[in-house]
Amino acid sequence: MKKYILTKAALLVFIITSAQTQEKLDTIYANDYKNVALFFPKAINQGITGAANFIFTYNREKQQHFGLLQAKPGKESNLLVIGEDGSVFSYILKYKEQLTRLNYFIPKAESIGKEKPVAMVSIKTSNSQKYLSDKEDYYRKFCSYLLSKKQRIGRIKKRKYGIILSVEGIVFNKEQLYFVIKIENRSGLDYDLNFLKLVSETRKKGKKKSLQRLYQDPVFKYKMPTKVRKNKTVKIVYVLPKFSLSKERRAILELNEKDGERNLKLKVSHRLINNPN
């Protein structure tokens, strides 16, 4: 009888120890002038960082196995990644000036578990959907207010092919940056939009300076058109999580035409990003 009790206790200790070992988080280091690449065994369905000074980007439209991590000086945070099969990966994030590792190939064994089945979290999902709906409703109302308000932050404009791309305002509100963007089509042809993206990149100095680009993904787009007809003007608002840029970096707004070559790039100074309205 005593032998059975000891065996059962030992088994319980083993299970607890195994669980603790499985959930132990590894640390990944990053900085603001190099991209740290993370390759996962399954395509990334969702990736979230716990603080704004860490940015994890991945392809949200076409799922891929890798994402890019960058960081600014600040407190440590964490990264949570969920694969297309529900596998969950979690890591501590820290800023480090000098990096000794730039690529991480994540094995399947590092998964700390899987998402719960939909049936088990139906109530939470309902609450989550209501929260997202309320948040999007707020974004929509604030974007509408910005478009009704006249504001200018100076001459931020690019004109080419009869197409004029400009940024009329950058507004900070509740941890979000709102970019008020205007597209004017003064050409004789309709303009079909392929994409409109905001990219932050290193200012290129010298012939051997490598160019590092990082896409800033909007959390909400207001009045995004698929076409700007000839002699017409549209105004759009992009809502992005708050970010800042060092003087070595700048933002670039890229407008790309579908099945055409009338593409524009508008440079936005780091000063305007760091000092919004």
# chains A, B, ... in the order shown; residues from 1 in each chain; ligands from 1
>>> residues_around(residues="Phe142 of chain A", least_positions_apart="2", cutoff="12 Å", atoms="only C-alpha atoms", output="number ranges by chain")
A: 135-140, 144-149, 171-174, 176-180, 220-222, 237-239
>>> residues_around(residues="segment 48-59 of chain A", least_positions_apart="4", cutoff="8 Å", atoms="only C-alpha atoms", output="list in words")
Ile44, Gln63, Gln64, Phe66, Gly67, Leu68, Leu69, Gln70, Ala71, Lys72, Pro73, Gly74, Ser77, Asn78, Leu79, Leu80, Val81, Leu93, Leu214, Tyr215, Gln216, Asp217, Pro241, Lys242 and Phe243 of chain A
>>> residues_around(residues="segment 112-116 of chain A", least_positions_apart="4", cutoff="6 Å", atoms="only C-alpha atoms", output="ChimeraX atom specification")
/A:23,86-89
>>> select_by_dssp(residues="segment 17-245 of chain A", states="strand (DSSP E or B)", output="PyMOL selection string")
chain A and resi 26-30+36-39+44-49+54-57+66-71+77-83+87-95+103-105+113-114+157-160+163-173+176-185+191-202+213-216+220-222+227-228+232-241
>>> closest_residue(among="A:Asn185, A:Pro218, A:Met224, A:Val268", to="Lys157 of chain A", atoms="only C-alpha atoms")
A:Val268
>>> atom_distance(atom1="atom CA of Pro107 of chain A", atom2="atom CA of Glu61 of chain A")
23.9 Å
>>> atom_distance(atom1="atom CA of Lys160 of chain A", atom2="atom CA of Asn275 of chain A")
27.8 Å
